[in-house]
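*Asks:* This is data_14.cif, which holds mmCIF, C-alpha atoms:
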```cif
data_work
loop_
_atom_site.group_PDB
_atom_site.id
_atom_site.type_symbol
_atom_site.label_atom_id
_atom_site.label_comp_id
_atom_site.auth_asym_id
_atom_site.auth_seq_id
_atom_site.Cartn_x
_atom_site.Cartn_y
_atom_site.Cartn_z
ATOM 1 C CA MET P 1 5.647 36.597 -20.428
ATOM 2 C CA ILE P 2 2.034 35.575 -20.812
ATOM 3 C CA THR P 3 2.095 34.388 -17.206
ATOM 4 C CA VAL P 4 3.007 37.891 -16.193
ATOM 5 C CA ILE P 5 0.056 39.407 -18.045
ATOM 6 C CA LEU P 6 -2.327 36.803 -16.652
ATOM 7 C CA ILE P 7 -1.167 37.575 -13.140
ATOM 8 C CA MET P 8 -1.748 41.246 -13.806
ATOM 9 C CA LEU P 9 -5.262 40.509 -15.061
ATOM 10 C CA VAL P 10 -6.014 38.588 -11.878
ATOM 11 C CA GLY P 11 -4.716 41.589 -9.979
ATOM 12 C CA ILE P 12 -6.992 43.894 -11.977
ATOM 13 C CA VAL P 13 -10.009 41.779 -11.086
ATOM 14 C CA VAL P 14 -9.012 41.854 -7.421
ATOM 15 C CA GLY P 15 -8.488 45.604 -7.738
ATOM 16 C CA ILE P 16 -11.962 46.140 -9.138
ATOM 17 C CA TRP P 17 -13.324 44.192 -6.199
ATOM 18 C CA LEU P 18 -11.242 46.305 -3.823
ATOM 19 C CA ARG P 19 -12.662 49.606 -5.064
ATOM 20 C CA THR P 20 -15.086 49.558 -2.173
ATOM 21 C CA LYS P 21 -12.261 49.292 0.375
ATOM 22 C CA PRO P 22 -10.074 52.403 0.030
ATOM 23 C CA LYS P 23 -7.683 51.478 2.846
ATOM 24 C CA PHE P 24 -6.374 48.537 0.890
ATOM 25 C CA VAL P 25 -5.681 50.753 -2.089
ATOM 26 C CA LEU P 26 -3.392 53.030 -0.091
ATOM 27 C CA VAL P 27 -1.563 50.064 1.391
ATOM 28 C CA ASN P 28 -1.219 48.688 -2.111
ATOM 29 C CA ASP P 29 0.660 51.728 -3.355
ATOM 30 C CA LYS P 30 3.186 51.359 -0.573
ATOM 31 C CA LEU P 31 3.510 47.653 -1.259
ATOM 32 C CA ILE P 32 4.222 48.401 -4.888
ATOM 33 C CA THR P 33 7.012 50.785 -3.906
ATOM 34 C CA TYR P 34 8.633 48.186 -1.669
ATOM 35 C CA ALA P 35 8.180 45.475 -4.255
ATOM 36 C CA ILE P 36 9.940 47.685 -6.810
ATOM 37 C CA TYR P 37 12.878 48.080 -4.442
ATOM 38 C CA LEU P 38 12.969 44.333 -3.934
ATOM 39 C CA LEU P 39 12.876 43.674 -7.662
ATOM 40 C CA LEU P 40 15.746 46.039 -8.235
ATOM 41 C CA LEU P 41 17.790 44.486 -5.476
ATOM 42 C CA LEU P 42 17.287 41.060 -6.995
ATOM 43 C CA LEU P 43 18.011 42.372 -10.467
ATOM 44 C CA GLY P 44 21.243 43.882 -9.198
ATOM 45 C CA ILE P 45 22.174 40.592 -7.599
ATOM 46 C CA SER P 46 21.539 38.621 -10.757
ATOM 47 C CA ILE P 47 23.537 41.087 -12.823
ATOM 48 C CA GLY P 48 26.413 41.232 -10.340
ATOM 49 C CA SER P 49 26.673 37.481 -10.178
ATOM 50 C CA ASN P 50 26.393 37.004 -13.929
ATOM 51 C CA LYS P 51 29.895 36.028 -14.937
ATOM 52 C CA ILE P 52 29.369 36.801 -18.614
ATOM 53 C CA ILE P 53 28.278 40.363 -17.987
ATOM 54 C CA VAL P 54 30.896 41.063 -15.352
ATOM 55 C CA ALA P 55 33.725 39.590 -17.396
ATOM 56 C CA ASN P 56 32.788 41.499 -20.525
ATOM 57 C CA LEU P 57 31.823 44.758 -18.913
ATOM 58 C CA PRO P 58 35.155 46.569 -19.225
ATOM 59 C CA ILE P 59 35.659 45.633 -22.869
ATOM 60 C CA LEU P 60 32.204 45.590 -24.334
ATOM 61 C CA GLY P 61 30.269 47.479 -21.710
ATOM 62 C CA VAL P 62 31.677 50.842 -22.671
ATOM 63 C CA LYS P 63 30.383 50.401 -26.210
ATOM 64 C CA ALA P 64 27.033 49.125 -25.000
ATOM 65 C CA PHE P 65 26.730 52.090 -22.688
ATOM 66 C CA GLY P 66 27.132 54.404 -25.637
ATOM 67 C CA TYR P 67 23.830 53.222 -27.104
ATOM 68 C CA TYR P 68 21.776 53.862 -24.098
ATOM 69 C CA PRO P 69 21.556 57.655 -23.747
ATOM 70 C CA TRP P 70 20.643 58.075 -27.398
ATOM 71 C CA CYS P 71 18.031 55.354 -27.503
ATOM 72 C CA CYS P 72 16.207 56.561 -24.477
ATOM 73 C CA PHE P 73 15.912 60.267 -24.910
ATOM 74 C CA TRP P 74 13.322 59.799 -27.604
ATOM 75 C CA MET H 75 14.547 62.326 -7.777
ATOM 76 C CA LYS H 76 14.474 60.700 -4.376
ATOM 77 C CA GLY H 77 12.762 57.713 -5.925
ATOM 78 C CA SER H 78 15.567 57.281 -8.435
ATOM 79 C CA LEU H 79 18.205 57.511 -5.727
ATOM 80 C CA ILE H 80 16.611 54.867 -3.562
ATOM 81 C CA ILE H 81 16.111 52.616 -6.560
ATOM 82 C CA LEU H 82 19.709 53.164 -7.619
ATOM 83 C CA SER H 83 20.961 52.296 -4.137
ATOM 84 C CA PHE H 84 19.011 49.057 -3.984
ATOM 85 C CA PHE H 85 20.294 48.110 -7.412
ATOM 86 C CA SER H 86 23.904 48.989 -6.554
ATOM 87 C CA VAL H 87 23.754 47.051 -3.299
ATOM 88 C CA GLY H 88 22.396 44.137 -5.279
ATOM 89 C CA VAL H 89 25.193 44.312 -7.840
ATOM 90 C CA LEU H 90 27.823 44.445 -5.099
ATOM 91 C CA LEU H 91 26.258 41.552 -3.228
ATOM 92 C CA GLY H 92 26.049 39.509 -6.403
ATOM 93 C CA TYR H 93 29.591 40.353 -7.414
ATOM 94 C CA ALA H 94 31.081 39.572 -4.023
ATOM 95 C CA HIS H 95 29.226 36.263 -3.903
ATOM 96 C CA LEU H 96 28.124 37.092 -0.400
ATOM 97 C CA LEU H 97 24.753 35.458 -0.732
ATOM 98 C CA PRO H 98 23.607 31.861 -0.466
ATOM 99 C CA GLU H 99 23.125 30.194 -3.862
ATOM 100 C CA PHE H 100 19.365 30.039 -3.823
ATOM 101 C CA LEU H 101 18.929 33.794 -4.014
ATOM 102 C CA ILE H 102 21.014 34.048 -7.140
ATOM 103 C CA ARG H 103 18.981 31.724 -9.243
ATOM 104 C CA ASP H 104 16.857 33.629 -11.726
ATOM 105 C CA ASN H 105 13.592 32.329 -10.340
ATOM 106 C CA PHE H 106 13.620 34.770 -7.463
ATOM 107 C CA THR H 107 13.619 37.764 -9.783
ATOM 108 C CA GLU H 108 10.741 36.185 -11.678
ATOM 109 C CA TYR H 109 8.685 35.668 -8.536
ATOM 110 C CA ALA H 110 9.348 39.224 -7.442
ATOM 111 C CA LEU H 111 8.073 40.346 -10.836
ATOM 112 C CA TYR H 112 4.958 38.195 -10.500
ATOM 113 C CA LEU H 113 4.263 39.707 -7.104
ATOM 114 C CA LEU H 114 4.796 43.172 -8.468
ATOM 115 C CA MET H 115 2.552 42.615 -11.477
ATOM 116 C CA PHE H 116 -0.184 41.332 -9.215
ATOM 117 C CA LEU H 117 0.039 44.431 -7.040
ATOM 118 C CA VAL H 118 0.136 46.677 -10.094
ATOM 119 C CA GLY H 119 -2.950 44.891 -11.378
ATOM 120 C CA ILE H 120 -4.708 45.677 -8.126
ATOM 121 C CA GLY H 121 -3.607 49.275 -8.470
ATOM 122 C CA ILE H 122 -4.988 49.484 -11.995
ATOM 123 C CA GLY H 123 -8.239 47.711 -11.176
ATOM 124 C CA SER H 124 -8.922 49.845 -8.139
ATOM 125 C CA ASP H 125 -8.575 53.065 -10.104
ATOM 126 C CA PRO H 126 -11.539 53.537 -12.450
ATOM 127 C CA ARG H 127 -9.630 56.044 -14.563
ATOM 128 C CA SER H 128 -6.992 53.623 -15.762
ATOM 129 C CA LEU H 129 -9.467 51.259 -17.380
ATOM 130 C CA GLN H 130 -11.217 54.222 -18.953
ATOM 131 C CA THR H 131 -8.174 54.810 -21.140
ATOM 132 C CA ILE H 132 -9.137 51.712 -23.074
ATOM 133 C CA ARG H 133 -12.407 53.310 -24.006
ATOM 134 C CA THR H 134 -10.894 56.597 -25.118
ATOM 135 C CA MET H 135 -8.133 54.919 -27.086
ATOM 136 C CA ASN H 136 -7.942 55.141 -30.824
ATOM 137 C CA LEU H 137 -5.316 54.420 -33.457
ATOM 138 C CA THR H 138 -3.159 57.374 -32.370
ATOM 139 C CA VAL H 139 -1.845 55.182 -29.568
ATOM 140 C CA LEU H 140 0.167 53.398 -32.256
ATOM 141 C CA LEU H 141 2.250 56.550 -32.581
ATOM 142 C CA VAL H 142 4.014 55.678 -29.341
ATOM 143 C CA PRO H 143 5.696 52.444 -30.486
ATOM 144 C CA LEU H 144 6.326 54.081 -33.837
ATOM 145 C CA THR H 145 8.143 56.918 -32.096
ATOM 146 C CA THR H 146 10.197 54.424 -30.146
ATOM 147 C CA ILE H 147 11.270 52.620 -33.290
ATOM 148 C CA ILE H 148 12.167 55.789 -35.188
ATOM 149 C CA GLY H 149 13.816 57.430 -32.190
ATOM 150 C CA THR H 150 15.860 54.378 -31.361
ATOM 151 C CA LEU H 151 17.082 54.004 -34.925
ATOM 152 C CA ILE H 152 18.021 57.676 -35.141
ATOM 153 C CA GLY H 153 19.772 57.565 -31.790
ATOM 154 C CA VAL H 154 21.602 54.397 -32.594
ATOM 155 C CA SER H 155 22.752 55.824 -35.928
ATOM 156 C CA CYS H 156 24.271 58.796 -34.128
ATOM 157 C CA VAL H 157 26.072 56.406 -31.800
ATOM 158 C CA SER H 158 27.484 54.486 -34.755
ATOM 159 C CA LEU H 159 29.431 57.604 -35.666
ATOM 160 C CA LEU H 160 31.292 57.253 -32.391
ATOM 161 C CA ILE H 161 31.912 53.531 -32.593
ATOM 162 C CA SER H 162 34.052 52.664 -35.565
ATOM 163 C CA ASP H 163 34.532 48.940 -35.246
ATOM 164 C CA ILE H 164 30.884 47.897 -35.445
ATOM 165 C CA SER H 165 28.965 48.501 -38.657
ATOM 166 C CA LEU H 166 25.822 50.625 -38.755
ATOM 167 C CA LYS H 167 23.762 47.583 -39.693
ATOM 168 C CA ASP H 168 24.937 45.671 -36.644
ATOM 169 C CA ILE H 169 24.394 48.657 -34.394
ATOM 170 C CA ALA H 170 20.866 49.103 -35.761
ATOM 171 C CA ALA H 171 20.180 45.433 -35.081
ATOM 172 C CA ILE H 172 21.321 45.799 -31.487
ATOM 173 C CA GLY H 173 19.128 48.843 -31.036
ATOM 174 C CA SER H 174 16.192 46.952 -32.484
ATOM 175 C CA GLY H 175 16.218 44.703 -29.481
ATOM 176 C CA PHE H 176 14.345 47.580 -27.794
ATOM 177 C CA GLY H 177 15.377 46.226 -24.433
ATOM 178 C CA TYR H 178 14.294 42.664 -25.126
ATOM 179 C CA TYR H 179 17.688 41.292 -24.218
ATOM 180 C CA SER H 180 16.945 37.580 -24.031
ATOM 181 C CA LEU H 181 15.533 37.217 -27.521
ATOM 182 C CA SER H 182 17.588 39.816 -29.369
ATOM 183 C CA SER H 183 20.916 38.537 -28.077
ATOM 184 C CA ILE H 184 20.019 34.992 -29.121
ATOM 185 C CA TYR H 185 19.065 36.137 -32.631
ATOM 186 C CA ILE H 186 22.135 38.288 -32.997
ATOM 187 C CA THR H 187 24.462 35.581 -31.694
ATOM 188 C CA GLU H 188 23.017 33.172 -34.220
ATOM 189 C CA ILE H 189 23.323 35.494 -37.188
ATOM 190 C CA ARG H 190 26.417 37.493 -36.291
ATOM 191 C CA GLY H 191 28.294 35.560 -33.632
ATOM 192 C CA GLU H 192 28.853 35.614 -29.925
ATOM 193 C CA SER H 193 30.859 38.789 -29.597
ATOM 194 C CA LEU H 194 28.133 40.981 -31.081
ATOM 195 C CA GLY H 195 25.569 38.926 -29.191
ATOM 196 C CA VAL H 196 27.159 39.874 -25.893
ATOM 197 C CA VAL H 197 27.172 43.557 -26.845
ATOM 198 C CA ALA H 198 23.495 43.220 -27.745
ATOM 199 C CA LEU H 199 22.812 41.549 -24.416
ATOM 200 C CA LEU H 200 24.605 44.242 -22.463
ATOM 201 C CA ALA H 201 23.114 47.151 -24.404
ATOM 202 C CA ASN H 202 19.561 45.908 -24.022
ATOM 203 C CA VAL H 203 20.016 44.953 -20.383
ATOM 204 C CA MET H 204 21.280 48.463 -19.797
ATOM 205 C CA ARG H 205 18.236 49.885 -21.515
ATOM 206 C CA GLU H 206 15.977 48.010 -19.132
ATOM 207 C CA ILE H 207 18.029 48.854 -16.064
ATOM 208 C CA ILE H 208 18.315 52.514 -16.881
ATOM 209 C CA THR H 209 14.586 52.687 -17.502
ATOM 210 C CA LEU H 210 14.043 51.137 -14.089
ATOM 211 C CA LEU H 211 16.510 53.471 -12.426
ATOM 212 C CA PHE H 212 15.656 56.768 -14.057
ATOM 213 C CA THR H 213 11.919 56.633 -14.776
ATOM 214 C CA PRO H 214 11.155 59.143 -12.001
ATOM 215 C CA ILE H 215 13.594 61.637 -13.510
ATOM 216 C CA PHE H 216 12.519 61.042 -17.095
ATOM 217 C CA ALA H 217 8.848 61.366 -16.218
ATOM 218 C CA ARG H 218 9.554 64.699 -14.604
ATOM 219 C CA TYR H 219 11.894 66.302 -17.153
ATOM 220 C CA PHE H 220 11.022 64.628 -20.438
ATOM 221 C CA GLY H 221 7.311 64.041 -20.212
ATOM 222 C CA LYS H 222 4.975 61.233 -19.356
ATOM 223 C CA LEU H 223 5.604 59.168 -22.440
ATOM 224 C CA ALA H 224 9.388 59.311 -22.095
ATOM 225 C CA PRO H 225 9.766 56.389 -19.670
ATOM 226 C CA ILE H 226 7.441 54.276 -21.813
ATOM 227 C CA VAL H 227 9.459 54.940 -24.941
ATOM 228 C CA CYS H 228 12.667 54.402 -23.020
ATOM 229 C CA GLY H 229 11.520 51.024 -21.781
ATOM 230 C CA GLY H 230 10.821 49.829 -25.276
ATOM 231 C CA ALA H 231 9.670 46.246 -25.369
ATOM 232 C CA THR H 232 10.108 45.969 -21.609
ATOM 233 C CA SER H 233 7.289 48.450 -20.990
ATOM 234 C CA MET H 234 4.843 45.545 -21.008
ATOM 235 C CA ASP H 235 6.390 43.580 -18.164
ATOM 236 C CA THR H 236 9.536 44.463 -16.275
ATOM 237 C CA THR H 237 9.306 48.232 -16.491
ATOM 238 C CA LEU H 238 5.497 48.458 -16.424
ATOM 239 C CA PRO H 239 5.309 48.596 -12.610
ATOM 240 C CA ILE H 240 7.769 51.421 -12.288
ATOM 241 C CA ILE H 241 6.163 53.320 -15.150
ATOM 242 C CA THR H 242 2.739 52.920 -13.564
ATOM 243 C CA GLN H 243 4.103 54.104 -10.249
ATOM 244 C CA TYR H 244 5.864 57.247 -11.438
ATOM 245 C CA VAL H 245 3.973 58.225 -14.582
ATOM 246 C CA GLY H 246 0.469 57.298 -13.504
ATOM 247 C CA LYS H 247 -1.938 54.410 -13.597
ATOM 248 C CA ASP H 248 -3.747 55.949 -16.529
ATOM 249 C CA TYR H 249 -0.662 55.351 -18.663
ATOM 250 C CA ALA H 250 -0.459 51.680 -17.775
ATOM 251 C CA VAL H 251 -2.550 50.515 -20.704
ATOM 252 C CA ILE H 252 -0.542 52.598 -23.179
ATOM 253 C CA SER H 253 2.651 51.165 -21.731
ATOM 254 C CA LEU H 254 1.332 47.632 -21.994
ATOM 255 C CA LEU H 255 0.215 48.063 -25.571
ATOM 256 C CA HIS H 256 3.448 49.773 -26.554
ATOM 257 C CA GLY H 257 5.540 46.999 -25.010
ATOM 258 C CA THR H 258 3.469 44.250 -26.547
ATOM 259 C CA ILE H 259 3.703 45.690 -30.050
ATOM 260 C CA LEU H 260 7.468 46.108 -29.801
ATOM 261 C CA THR H 261 7.970 42.673 -28.260
ATOM 262 C CA VAL H 262 6.205 41.122 -31.231
ATOM 263 C CA LEU H 263 8.162 43.245 -33.717
ATOM 264 C CA VAL H 264 11.669 42.604 -32.314
ATOM 265 C CA PRO H 265 12.380 39.298 -34.079
ATOM 266 C CA PHE H 266 11.099 40.653 -37.384
ATOM 267 C CA ILE H 267 13.026 43.912 -37.320
ATOM 268 C CA VAL H 268 16.278 42.339 -36.098
ATOM 269 C CA THR H 269 16.148 39.623 -38.750
ATOM 270 C CA PHE H 270 15.178 42.106 -41.419
ATOM 271 C CA ILE H 271 18.125 44.353 -40.634
ATOM 272 C CA LEU H 272 20.695 41.601 -40.416
ATOM 273 C CA VAL H 273 19.754 39.458 -43.375
#
```
Write the structure described by the file as structure tokens, please.
*Replies:*
Amino acid sequence: MITVILIMLVGIVVGIWLRTKPKFVLVNDKLITYAIYLLLLLLGISIGSNKIIVANLPILGVKAFGYYPWCCFW
Amino acid sequence: MKGSLIILSFFSVGVLLGYAHLLPEFLIRDNFTEYALYLLMFLVGIGIGSDPRSLQTIRTMNLTVLLVPLTTIIGTLIGVSCVSLLISDISLKDIAAIGSGFGYYSLSSIYITEIRGESLGVVALLANVMREIITLLFTPIFARYFGKLAPIVCGGATSMDTTLPIITQYVGKDYAVISLLHGTILTVLVPFIVTFILV
């Protein structure tokens, strides 16, 4: 977790340095979009191949799904 | 809207691929997801650093920013209490404990398994994983129809790492610091609140 924040801080420093080069900034936004897609693909893969989640989904998943809409609309 | 659909498709394809075991072993190991997150956080950092406005939020911030995690806590507990009316075989206390994971599935499921047993632990795992996934999938829609803070609150403790990139992308870079702070505060509070509820 801390690693993640440190990496972000390094990115921020690089970003400050890149303020003078606007082309990189535009490219960066696109890269972020693609990286998000990649992350979600990988997340899907790790969930789909997780035997615990898949095995329990029909029984327990329905209950777990009930929590979600209520928690998030606040 | 389009963003959510594309995200949803990538996720669904991933789930199917993972389920059908169509991929070589090395992709399935958790490390890959971690590295993708590192890459993403680096890029998000660049995005934040290159936009002078986003760092300015730190200067204009005061204690009112604490209202965001507070709202998440209260909202989650209210929501989860309503849900407990629909689910009769899990007690309100247990349901509140699950909700207090705020998306932090790894830690909360371990705590809950230890105090209440594996069955509830798995429900906690699934519920909090779903919270994170649905934040990732529906942030574009939430940002549009429920306001800029909605995805942050939805992400809960995950708004500091896994959902921060998508929040930054669809809500705005100026909200990144709020999201980070919100996530950090909740992440720290999860073990305390869960233990407090269950003991």
*Asks:* With 10 Å as the cut-off and all atoms listed in the file counted, what is the closest atom pair between each nearby residue of region 180-256 of chain H and region 37-50 of chain P? Distances in Å to one decimal, ordered by chain and number, as a Markdown table.
*Replies:*
```
| residue | atom | partner | partner_atom | distance |
| --- | --- | --- | --- | --- |
| H:Val203 | CA | P:Ile47 | CA | 9.2 |
| H:Ile207 | CA | P:Leu43 | CA | 8.6 |
| H:Leu210 | CA | P:Leu40 | CA | 7.9 |
| H:Leu211 | CA | P:Leu40 | CA | 8.6 |
| H:Thr236 | CA | P:Leu39 | CA | 9.3 |
| H:Ile240 | CA | P:Tyr37 | CA | 9.9 |
```
*Asks:* Can you work out the spacing between CA of Gly15 (chain P) and CA of Asp125 (chain H) in Å, to one decimal?
*Replies:*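 Taking CA of Gly15 (chain P) as the start and CA of Asp125 (chain H) as the end point, the length is 7.8 Å.
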*Asks:* Could you work out how far CA of Ala110 (chain H) lies from CA of Val245 (chain H), giving the answer in Å with one decimal?
*Replies:*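 Atom-to-atom, CA of Val245 (chain H) to CA of Ala110 (chain H), that is 21.0 Å.
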*Asks:* Using all atoms listed in the file, what does the table of chain H residues within 7 Å of chain P look like, with each row giving the shortest atom pair and its distance in Å to one decimal, sorted by chain and ascending number, as a Markdown table?
*Replies:*
```
| residue | atom | partner | partner_atom | distance |
| --- | --- | --- | --- | --- |
| H:Ile81 | CA | P:Tyr37 | CA | 6.0 |
| H:Phe84 | CA | P:Leu41 | CA | 5.0 |
| H:Phe85 | CA | P:Gly44 | CA | 4.7 |
| H:Ser86 | CA | P:Gly44 | CA | 6.3 |
| H:Val87 | CA | P:Leu41 | CA | 6.8 |
| H:Gly88 | CA | P:Gly44 | CA | 4.1 |
| H:Val89 | CA | P:Gly48 | CA | 4.2 |
| H:Leu90 | CA | P:Gly48 | CA | 6.3 |
| H:Leu91 | CA | P:Ile45 | CA | 6.1 |
| H:Gly92 | CA | P:Ile45 | CA | 4.2 |
| H:Tyr93 | CA | P:Gly48 | CA | 4.4 |
| H:His95 | CA | P:Ser49 | CA | 6.9 |
| H:Ile102 | CA | P:Ser46 | CA | 5.9 |
| H:Asp104 | CA | P:Ser46 | CA | 6.9 |
| H:Thr107 | CA | P:Leu42 | CA | 5.7 |
| H:Ala110 | CA | P:Leu39 | CA | 5.7 |
| H:Leu111 | CA | P:Leu39 | CA | 6.6 |
| H:Tyr112 | CA | P:Val4 | CA | 6.0 |
| H:Leu114 | CA | P:Ala35 | CA | 5.9 |
| H:Met115 | CA | P:Met8 | CA | 5.1 |
| H:Phe116 | CA | P:Gly11 | CA | 4.6 |
| H:Leu117 | CA | P:Ile32 | CA | 6.2 |
| H:Val118 | CA | P:Ile32 | CA | 6.8 |
| H:Gly119 | CA | P:Gly11 | CA | 4.0 |
| H:Ile120 | CA | P:Gly15 | CA | 3.8 |
| H:Gly121 | CA | P:Gly15 | CA | 6.2 |
| H:Ile122 | CA | P:Ile12 | CA | 5.9 |
| H:Gly123 | CA | P:Gly15 | CA | 4.0 |
| H:Ser124 | CA | P:Gly15 | CA | 4.3 |
| H:Thr146 | CA | P:Trp74 | CA | 6.7 |
| H:Gly149 | CA | P:Trp74 | CA | 5.2 |
| H:Thr150 | CA | P:Cys71 | CA | 4.5 |
| H:Gly153 | CA | P:Trp70 | CA | 4.5 |
| H:Val154 | CA | P:Tyr67 | CA | 6.0 |
| H:Val157 | CA | P:Tyr67 | CA | 6.1 |
| H:Val197 | CA | P:Ala64 | CA | 5.9 |
| H:Leu200 | CA | P:Ala64 | CA | 6.0 |
| H:Ala201 | CA | P:Ala64 | CA | 4.4 |
| H:Met204 | CA | P:Tyr68 | CA | 6.9 |
| H:Arg205 | CA | P:Tyr68 | CA | 5.9 |
| H:Ala224 | CA | P:Trp74 | CA | 6.8 |
| H:Val227 | CA | P:Trp74 | CA | 6.8 |
| H:Cys228 | CA | P:Cys72 | CA | 4.4 |
| H:Asp235 | CA | P:Val4 | CA | 6.9 |
| H:Ile240 | CA | P:Ile36 | CA | 7.0 |
```
*Asks:* Output C-alpha atoms for every residue in the selection just made, as an mmCIF file, keeping the file's coordinate frame.
*Replies:*
```
data_model
loop_
_atom_site.group_PDB
_atom_site.id
_atom_site.type_symbol
_atom_site.label_atom_id
_atom_site.label_comp_id
_atom_site.auth_asym_id
_atom_site.auth_seq_id
_atom_site.Cartn_x
_atom_site.Cartn_y
_atom_site.Cartn_z
ATOM 1 C CA ILE H 81 16.111 52.616 -6.560
ATOM 2 C CA PHE H 84 19.011 49.057 -3.984
ATOM 3 C CA PHE H 85 20.294 48.110 -7.412
ATOM 4 C CA SER H 86 23.904 48.989 -6.554
ATOM 5 C CA VAL H 87 23.754 47.051 -3.299
ATOM 6 C CA GLY H 88 22.396 44.137 -5.279
ATOM 7 C CA VAL H 89 25.193 44.312 -7.840
ATOM 8 C CA LEU H 90 27.823 44.445 -5.099
ATOM 9 C CA LEU H 91 26.258 41.552 -3.228
ATOM 10 C CA GLY H 92 26.049 39.509 -6.403
ATOM 11 C CA TYR H 93 29.591 40.353 -7.414
ATOM 12 C CA HIS H 95 29.226 36.263 -3.903
ATOM 13 C CA ILE H 102 21.014 34.048 -7.140
ATOM 14 C CA ASP H 104 16.857 33.629 -11.726
ATOM 15 C CA THR H 107 13.619 37.764 -9.783
ATOM 16 C CA ALA H 110 9.348 39.224 -7.442
ATOM 17 C CA LEU H 111 8.073 40.346 -10.836
ATOM 18 C CA TYR H 112 4.958 38.195 -10.500
ATOM 19 C CA LEU H 114 4.796 43.172 -8.468
ATOM 20 C CA MET H 115 2.552 42.615 -11.477
ATOM 21 C CA PHE H 116 -0.184 41.332 -9.215
ATOM 22 C CA LEU H 117 0.039 44.431 -7.040
ATOM 23 C CA VAL H 118 0.136 46.677 -10.094
ATOM 24 C CA GLY H 119 -2.950 44.891 -11.378
ATOM 25 C CA ILE H 120 -4.708 45.677 -8.126
ATOM 26 C CA GLY H 121 -3.607 49.275 -8.470
ATOM 27 C CA ILE H 122 -4.988 49.484 -11.995
ATOM 28 C CA GLY H 123 -8.239 47.711 -11.176
ATOM 29 C CA SER H 124 -8.922 49.845 -8.139
ATOM 30 C CA THR H 146 10.197 54.424 -30.146
ATOM 31 C CA GLY H 149 13.816 57.430 -32.190
ATOM 32 C CA THR H 150 15.860 54.378 -31.361
ATOM 33 C CA GLY H 153 19.772 57.565 -31.790
ATOM 34 C CA VAL H 154 21.602 54.397 -32.594
ATOM 35 C CA VAL H 157 26.072 56.406 -31.800
ATOM 36 C CA VAL H 197 27.172 43.557 -26.845
ATOM 37 C CA LEU H 200 24.605 44.242 -22.463
ATOM 38 C CA ALA H 201 23.114 47.151 -24.404
ATOM 39 C CA MET H 204 21.280 48.463 -19.797
ATOM 40 C CA ARG H 205 18.236 49.885 -21.515
ATOM 41 C CA ALA H 224 9.388 59.311 -22.095
ATOM 42 C CA VAL H 227 9.459 54.940 -24.941
ATOM 43 C CA CYS H 228 12.667 54.402 -23.020
ATOM 44 C CA ASP H 235 6.390 43.580 -18.164
ATOM 45 C CA ILE H 240 7.769 51.421 -12.288
#
```
*Asks:* Expressed in Å to a single decimal, how great is the separation between CA of Ala250 (chain H) and CA of Phe106 (chain H)?
*Replies:*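 Between CA of Ala250 (chain H) and CA of Phe106 (chain H) the gap is 24.3 Å.
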*Asks:* Report as lines of an AutoDock Vina configuration file the centre and the edge lengths, in Å to one decimal, of the axis-aligned box holding every listed atom of region 24-43 of chain P, padded by 6 Å on each side.
*Replies:*
```
center_x = 5.8
center_y = 47.0
center_z = -4.5
size_x = 36.4
size_y = 24.0
size_z = 23.9
```
*Asks:* Near Thr232 (chain H), within 7 Å and counting all atoms listed in the file, which residues show up once chain neighbours fewer than 4 positions away are dropped, as a PyMOL selection string?
*Replies:* chain H and resi 177-178+206+236-237+257
*Asks:* Applied to this file, what does the PyMOL selection byres ((chain H and resi 261-266) around 10) return in terms of residues, put as JSON, numbers by chain?
*Replies:* {"H": [147, 171, 173, 174, 175, 176, 177, 178, 181, 182, 185, 186, 230, 231, 232, 233, 234, 255, 256, 257, 258, 259, 260, 267, 268, 269, 270, 271]}
